[in-house]
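Visitor: Input: one structure, supplied below.
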Amino acid sequence: MNSLPAFRALTLNRVRASVRDRTALIFTLGLAVLFMIIFGLLFGGNGLSVSFDAVNNDSTAASTGYLKALRSVSGVSVDVKSHAAAFADLKNDSVTAVLVIPSGFGAAYAGQGPPQQVAIYQAGGGSSSTAIADAVVSNVTAGFAGRGHPSLTVSAPKVAEVNQVTEMDYMLPSMIAYIILFSGVNYVAIGLVEMRVKQVLRRFRATPVRSGTILAAQVVGGGLTVLLQIVVLVALGIWVFGAKNYGSWLLLIPPVVLGTASFVGIGFLITSVSRTSEAARALAAMITFPLMFLSGLFFPISSLPTVVQDIARILPLAWASDALHQVMNDGAGFSAIGTDCLVMAAWAVVTISVAAWRFRWD
Amino acid sequence: MIHAEPMPAAVRLRGEMADIDVTGLVKRYGDVVAVDGLSFSVQKGEVFGMLGPNGAGKTTTLEIIEGLRVPDAGTVQVLGTDVIAHPSTVKERIGVQLQATALPEFTKVREAVELFAALYRRSRPVNEVIEEFNLEEKADTYTDKLSGGQMQRLSIALALINDPDLVFLDEPTTGLDPQARLNIWTVIEGIRKRGKTVVLTTHYMEEAERLCDRVAVIERGRIVALDTPRRLIVEHAPGTTIEFALVSGLDVETLEKLPGVDRVVADGRVSVTTRTPEAVLHALLDPQAPWAAAAPGAGGDGEGEGTIRDLLVRHGTLEDVFLSLTGRSLRE
């Protein structure tokens, strides 16, 4: 028979049941929102503090004195760094701006060389703290050189080619990864096993609908529920928490779909080694919670010890998280997330094949 | 192996096929033989009962006929189609109620009916089915909030959504209160009146006696008897059964020697089958009998104390048929 109406009805039933299952939603969407609130409160408050990295190409008493004057402003901190380190900090959003003091600064100050300009680099986005940084530097420079001293000026702020990623911007893709991880494992995979235990699958099989259609509808229905949750999460993230997506919305689809598929596969593997669905849920929790902390959801993976990084990089959550962050935070194109997608696809193919081979109807 | 009685000649002459034709069915799970060479057929319009204790192989047999399991040996023709080769064709034309309720979570009654209606090529109007099974008031209730009786009505309604020719009901009244059970019996009688063939399993004797045209008594994966309830009783549990609790001084051997006793089965209580109940009762209740004298407290305060207790005299039932065929009680 034409299995499309049956597939549609089964999928709709699955989506509707999942959306009505409030307890499950609390553990996925609810926890994701809670994480955003907690991390937003912990790290979101910028206050009036501005921090600079200074690249000192001059290294004279004059430039050291200039930085000292800058540090003396309350709420301002200045670290002297190499050019590369300073711009890395700017990219990580750990400083408000980078100052570059040109060589010849000391000479210009002494009136012995050509006029020099202190360059200020900020991340894009132009938030209030960057405006403050700009004003602070202009004032300090003017005061340091003496009013009307023509030889020292500050350049107009240059936007460095990085996005100024806030904590919320970082948390949003993290929480998308969290939802695909938890829903993929718990909702889709373990949910399917519960339907088997409760004989729901058997009841469906007593109808003329093909077995493959029944299974596909459950998995697709579960997957659609994951997408719905992500849509709600992104809407909340943008309109309530003020997060931004610097990349393409369409490019989120490959990591979301492949990530979900690989977690569904892992969920199936978990269930195939568990005797009961309760045991499966416990095992899933033992695997998923550490995975969250190892895979760059709450802090960049590069801040972990290398051994842990190596372990984390075997598992698909790190790849999903990397792809989502690259797209949403760095505005990366498909080529940048190609490897991520390939690894997730490999995970999905392997785990789902094993699950299909091991699947029992009862 | 006991085969079903041959198909009536009249049916064969008219060239009609049986709705179900099972021969030499075997299903093993590892070393356990769940179904051990079953053969029987079910005629069109018949209500066919499968009677046996839990684990006798009733459900496995049913699920093979429904196309849910593949047997290790044997053939199964359902509505003229080989169910092992063409399960979908058969499933389109049969209705199935599984033993477990087995409905998806967070689904309302109407949604469940709509869902199952979408799973068949042809199905009856959703509202009509809801009305027929008196589920209008519960149409917007989640299925897990239904009472046991309502749930069974829904699950039978779902079995009939595709207007099947043949309906399978696996223990339709297990766990229901007497009121709800009567209600389901009326529902099943209604299905039968519409000319549908019904196959049901049960371990309730009254149910089999009231509903079934023929009953297959199944034990350890074999059919030990197959006939109409009446003929099973006449053949295997004729006469009257006298039941009582065993007292000291009276054993099965002694009972078997009493004049008029046909058979004695001791299974917790003692069941004595006889065609001369008056004579047997007289002997049992004789105050001079050794067991009356030996009984503690004989001649004491209570009426009948020390002799025979919890006496019950009744006609044979399918329960007795089962006892006599297997030496075991149906409900353990």
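Every chain in the structure tokens takes a letter, A first, then B, and so on in the order presented; its residues are numbered from 1, and the ligands are numbered from 1 following the presented order.
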For the contact check between chain B and chain A, emit one row per residue of chain B within 7 Å, containing the shortest atom pair and the distance in Å rounded to one decimal, counting only C-alpha atoms, chain then rising number order, as a tab-separated table.
Guide:
residue	atom	partner	partner_atom	distance
B:Glu66	CA	A:Ala206	CA	6.9
B:Leu68	CA	A:Ala206	CA	6.4
B:Ser88	CA	A:Pro208	CA	4.6
B:Lys91	CA	A:Pro208	CA	5.0
B:Glu92	CA	A:Pro208	CA	5.3
B:Val96	CA	A:Ala206	CA	6.6
B:Leu98	CA	A:Arg203	CA	6.9
B:Ala100	CA	A:Gln199	CA	7.0
B:Ala102	CA	A:Val200	CA	4.5
B:Leu103	CA	A:Val200	CA	5.4
B:Pro104	CA	A:Val200	CA	5.9
B:Glu105	CA	A:Ala17	CA	6.2
B:Phe106	CA	A:Ala17	CA	4.8
B:Thr107	CA	A:Ala17	CA	6.4
B:Leu115	CA	A:Ala9	CA	5.7
B:Ala118	CA	A:Ala6	CA	5.3
B:Leu119	CA	A:Ala6	CA	4.8
B:Tyr120	CA	A:Pro208	CA	6.6
B:Arg121	CA	A:Met1	CA	6.8
Visitor: Counting only C-alpha atoms, which residues of region 196-299 of chain A sit at most 6 Å from some atom of region 340-358 of chain A, and what is each one's closest atom pair with its distance in Å to one decimal, listed by chain and rising residue number, as JSON lines?
Guide:
{"residue": "A:Leu258", "atom": "CA", "partner": "A:Ala345", "partner_atom": "CA", "distance": 5.7}
{"residue": "A:Gly259", "atom": "CA", "partner": "A:Met344", "partner_atom": "CA", "distance": 5.9}
{"residue": "A:Ala261", "atom": "CA", "partner": "A:Ala348", "partner_atom": "CA", "distance": 5.3}
{"residue": "A:Ser262", "atom": "CA", "partner": "A:Ala348", "partner_atom": "CA", "distance": 3.8}
{"residue": "A:Gly265", "atom": "CA", "partner": "A:Thr351", "partner_atom": "CA", "distance": 4.6}
{"residue": "A:Ile266", "atom": "CA", "partner": "A:Thr351", "partner_atom": "CA", "distance": 6.0}
{"residue": "A:Phe268", "atom": "CA", "partner": "A:Ala355", "partner_atom": "CA", "distance": 5.7}
Visitor: Store the residues picked out above, limited to C-alpha atoms, as a tab-separated table (two decimals), in the first residue's frame.
Guide:
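Final file, selection_6.tsv:
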chain	number	residue	atom	x	y	z
A	258	LEU	CA	24.14	14.82	11.26
A	259	GLY	CA	24.69	15.46	14.96
A	261	ALA	CA	21.67	11.17	13.63
A	262	SER	CA	24.93	10.27	15.34
A	265	GLY	CA	22.86	5.95	16.73
A	266	ILE	CA	24.78	6.17	20.01
A	268	PHE	CA	20.62	2.79	20.00
Visitor: Using only C-alpha atoms, determine which residues lie at most 12 Å from Pro259 (chain B), disregarding the query and same-chain residues fewer than 3 positions distant; provide the list as a list in words.
Guide: Thr254, Leu255, Glu256, Asp262, Arg263, Val272, Thr273, Thr274, Arg275, Thr276, Pro277, Glu278, Ala279, Val280, Leu281, His282, Ala283 and Leu284 of chain B
Visitor: For those residues, write C-alpha atoms to a file as a short mmCIF file (atom, residue, chain, number, x, y, z; two decimals), in the first residue's frame.
Guide:
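Saved to result-v3.cif:
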data_model
loop_
_atom_site.label_atom_id
_atom_site.label_comp_id
_atom_site.auth_asym_id
_atom_site.auth_seq_id
_atom_site.Cartn_x
_atom_site.Cartn_y
_atom_site.Cartn_z
CA THR B 254 -10.40 -44.05 49.16
CA LEU B 255 -12.54 -41.64 47.18
CA GLU B 256 -11.90 -43.46 43.93
CA ASP B 262 -15.98 -41.73 37.98
CA ARG B 263 -12.93 -39.60 38.60
CA VAL B 272 -15.18 -35.85 42.47
CA THR B 273 -16.99 -36.47 39.21
CA THR B 274 -19.98 -38.79 39.26
CA ARG B 275 -23.16 -39.64 37.42
CA THR B 276 -24.82 -40.68 40.68
CA PRO B 277 -24.28 -37.64 42.90
CA GLU B 278 -26.89 -38.65 45.46
CA ALA B 279 -25.17 -41.96 46.26
CA VAL B 280 -21.69 -40.39 46.39
CA LEU B 281 -22.88 -37.58 48.64
CA HIS B 282 -24.54 -40.05 50.90
CA ALA B 283 -21.34 -42.03 51.27
CA LEU B 284 -19.23 -38.90 51.78
#
Visitor: Taking 6 positions as the minimum chain separation for residues in the same chain, which residues sit within 9 Å of Val83 (chain B) when counting only C-alpha atoms? Answer as an MDAnalysis selection string.
Guide: chainID B and resid 64:67 75:77 89:91
Visitor: What does the file look like for those residues with C-alpha atoms, as an mmCIF file, in the first residue's frame?
Guide:
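Contents of out.cif, as written:
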data_model
loop_
_atom_site.group_PDB
_atom_site.id
_atom_site.type_symbol
_atom_site.label_atom_id
_atom_site.label_comp_id
_atom_site.auth_asym_id
_atom_site.auth_seq_id
_atom_site.Cartn_x
_atom_site.Cartn_y
_atom_site.Cartn_z
ATOM 1 C CA ILE B 64 1.919 -16.369 14.134
ATOM 2 C CA ILE B 65 -1.556 -16.370 12.572
ATOM 3 C CA GLU B 66 -1.598 -12.554 12.728
ATOM 4 C CA GLY B 67 1.665 -12.410 10.798
ATOM 5 C CA THR B 75 1.653 -23.647 7.286
ATOM 6 C CA VAL B 76 -0.907 -20.949 8.032
ATOM 7 C CA GLN B 77 -3.638 -19.913 5.606
ATOM 8 C CA THR B 89 -2.206 -8.771 2.543
ATOM 9 C CA VAL B 90 -3.543 -10.638 5.541
ATOM 10 C CA LYS B 91 -3.004 -7.762 7.969
#
Visitor: Select from region 95-276 of chain A everything DSSP, run on the backbone, classes as helix (DSSP H, G or I), then give the selection as a ChimeraX atom specification.
Guide: /A:105-109,128-145,167-197,200-205,211-239,250-272
Visitor: Considering only C-alpha atoms, return as a PyMOL selection string whatever protein or nucleic-acid residues lie within 8 Å of region 76-83 of chain A, sequence-local ones (same chain, fewer than 4 positions apart) excluded.
Guide: chain A and resi 49-56+67+70-72+87
Visitor: Got time to write the residues from that selection, N, CA and C atoms, as a PDB file, in the first residue's frame?
Guide:
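Once everything was written out, this is part_6.pdb:
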ATOM      1  N   SER A  49      33.904  47.972  33.293  1.00  0.00           N
ATOM      2  CA  SER A  49      35.324  47.661  33.185  1.00  0.00           C
ATOM      3  C   SER A  49      35.696  47.429  31.723  1.00  0.00           C
ATOM      4  N   VAL A  50      36.866  47.956  31.368  1.00  0.00           N
ATOM      5  CA  VAL A  50      37.384  47.679  30.040  1.00  0.00           C
ATOM      6  C   VAL A  50      38.788  47.116  30.192  1.00  0.00           C
ATOM      7  N   SER A  51      39.077  46.123  29.383  1.00  0.00           N
ATOM      8  CA  SER A  51      40.413  45.544  29.461  1.00  0.00           C
ATOM      9  C   SER A  51      41.065  45.636  28.081  1.00  0.00           C
ATOM     10  N   PHE A  52      42.357  45.976  28.109  1.00  0.00           N
ATOM     11  CA  PHE A  52      43.092  46.099  26.845  1.00  0.00           C
ATOM     12  C   PHE A  52      44.228  45.106  26.833  1.00  0.00           C
ATOM     13  N   ASP A  53      44.567  44.683  25.636  1.00  0.00           N
ATOM     14  CA  ASP A  53      45.871  44.099  25.414  1.00  0.00           C
ATOM     15  C   ASP A  53      46.660  45.147  24.638  1.00  0.00           C
ATOM     16  N   ALA A  54      47.871  45.402  25.100  1.00  0.00           N
ATOM     17  CA  ALA A  54      48.684  46.386  24.399  1.00  0.00           C
ATOM     18  C   ALA A  54      49.833  45.685  23.707  1.00  0.00           C
ATOM     19  N   VAL A  55      50.052  46.040  22.465  1.00  0.00           N
ATOM     20  CA  VAL A  55      51.222  45.541  21.732  1.00  0.00           C
ATOM     21  C   VAL A  55      52.200  46.713  21.678  1.00  0.00           C
ATOM     22  N   ASN A  56      53.265  46.576  22.439  1.00  0.00           N
ATOM     23  CA  ASN A  56      54.186  47.707  22.553  1.00  0.00           C
ATOM     24  C   ASN A  56      55.359  47.521  21.597  1.00  0.00           C
ATOM     25  N   LEU A  67      51.302  53.674  29.036  1.00  0.00           N
ATOM     26  CA  LEU A  67      50.478  52.546  29.474  1.00  0.00           C
ATOM     27  C   LEU A  67      50.138  52.666  30.957  1.00  0.00           C
ATOM     28  N   LEU A  70      47.358  54.962  31.347  1.00  0.00           N
ATOM     29  CA  LEU A  70      46.124  54.279  30.946  1.00  0.00           C
ATOM     30  C   LEU A  70      45.615  53.383  32.080  1.00  0.00           C
ATOM     31  N   ARG A  71      46.530  52.646  32.714  1.00  0.00           N
ATOM     32  CA  ARG A  71      46.173  51.736  33.798  1.00  0.00           C
ATOM     33  C   ARG A  71      45.596  52.491  34.989  1.00  0.00           C
ATOM     34  N   SER A  72      46.026  53.745  35.160  1.00  0.00           N
ATOM     35  CA  SER A  72      45.600  54.490  36.340  1.00  0.00           C
ATOM     36  C   SER A  72      44.124  54.878  36.285  1.00  0.00           C
ATOM     37  N   PHE A  87      45.719  39.586  19.547  1.00  0.00           N
ATOM     38  CA  PHE A  87      44.576  39.440  18.641  1.00  0.00           C
ATOM     39  C   PHE A  87      43.815  38.143  18.889  1.00  0.00           C
TER      40      PHE A  87
END
Visitor: So that I can check the surroundings of Thr317 (chain B), please list as a compact mmCIF listing (two decimals) with N, CA and C atoms, in the first residue's frame every protein, DNA and RNA residue that reaches within 10 Å of it, counting only C-alpha atoms and ignoring chain neighbours fewer than 6 positions away.
Guide:
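Result file part-v2.txt:
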# COMPACT_ATOMS: atom_id res chain seq x y z
N MET B 205 -13.31 -19.65 32.04
CA MET B 205 -14.22 -20.68 31.54
C MET B 205 -15.56 -20.14 31.13
N GLU B 206 -16.11 -19.25 31.99
CA GLU B 206 -17.45 -18.72 31.72
C GLU B 206 -17.45 -18.01 30.38
N GLU B 209 -17.38 -20.54 27.58
CA GLU B 209 -18.66 -21.23 27.48
C GLU B 209 -19.74 -20.34 26.89
N PRO B 229 -18.14 -26.21 23.44
CA PRO B 229 -18.04 -26.30 24.91
C PRO B 229 -18.91 -27.42 25.47
N ARG B 230 -20.14 -27.52 24.91
CA ARG B 230 -21.06 -28.53 25.43
C ARG B 230 -20.50 -29.95 25.26
N LEU B 232 -17.42 -30.83 24.81
CA LEU B 232 -16.23 -31.02 25.64
C LEU B 232 -16.63 -31.42 27.04
N ILE B 233 -17.69 -30.78 27.54
CA ILE B 233 -18.13 -31.06 28.91
C ILE B 233 -18.73 -32.46 28.97
N VAL B 234 -19.55 -32.78 27.99
CA VAL B 234 -20.18 -34.10 27.99
C VAL B 234 -19.11 -35.18 27.93
N HIS B 236 -15.63 -34.87 28.51
CA HIS B 236 -14.52 -34.89 29.48
C HIS B 236 -14.93 -34.58 30.91
N ALA B 237 -16.12 -34.00 31.08
CA ALA B 237 -16.55 -33.71 32.45
C ALA B 237 -18.04 -34.01 32.57
N PRO B 238 -18.40 -35.28 32.28
CA PRO B 238 -19.83 -35.60 32.32
C PRO B 238 -20.32 -35.66 33.76
N THR B 240 -21.95 -34.87 37.37
CA THR B 240 -21.95 -33.82 38.37
C THR B 240 -20.60 -33.81 39.06
N THR B 241 -20.17 -32.64 39.42
CA THR B 241 -18.91 -32.55 40.14
C THR B 241 -19.19 -32.15 41.58
N LEU B 323 -9.21 -29.68 33.92
CA LEU B 323 -8.66 -30.50 35.00
C LEU B 323 -8.53 -31.95 34.57
Visitor: Of the candidates B:Asp251, B:Asp165, B:Glu111, B:Glu46, which one gets nearest to Arg269 (chain B) if we count only C-alpha atoms?
Guide: B:Asp251
Visitor: Between CA of Phe116 (chain B) and CA of Ile161 (chain B), measure the distance and give it in Å to one decimal.
Guide: 7.2 Å
Visitor: Could you tell me, as a PyMOL selection string, which residues of region 35-195 of chain B DSSP assigns to strand (DSSP E) when given the backbone?
Guide: chain B and resi 35-42+47-51+73-78+81-82+94-97+166-170
Visitor: If we count only C-alpha atoms, what is near Asp330 (chain A) at a cut-off of 7 Å, once residues fewer than 2 positions away on the same chain are taken out, given as a PyMOL selection string?
Guide: chain A and resi 163+246-247+326-328+332
Visitor: Once you have the residues from the selection above, write them out as a compact mmCIF listing (two decimals), in the first residue's frame, restricted to C-alpha atoms.
Guide:
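Contents of part_33.txt, as written:
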# COMPACT_ATOMS: atom_id res chain seq x y z
CA ASN A 163 33.23 38.98 15.79
CA TYR A 246 27.15 35.70 12.82
CA GLY A 247 26.77 32.93 10.27
CA GLN A 326 32.14 28.03 13.85
CA VAL A 327 28.97 28.84 11.93
CA MET A 328 27.20 30.91 14.56
CA ALA A 332 32.31 30.12 8.93
Visitor: Work out how far apart CA of Glu219 (chain B) and CA of Glu207 (chain B) are and give it in Å to one decimal.
Guide: 18.1 Å
Visitor: Work out how far CA of Ala177 (chain A) is from CA of Ser94 (chain A), in Å to one decimal.
Guide: 23.2 Å
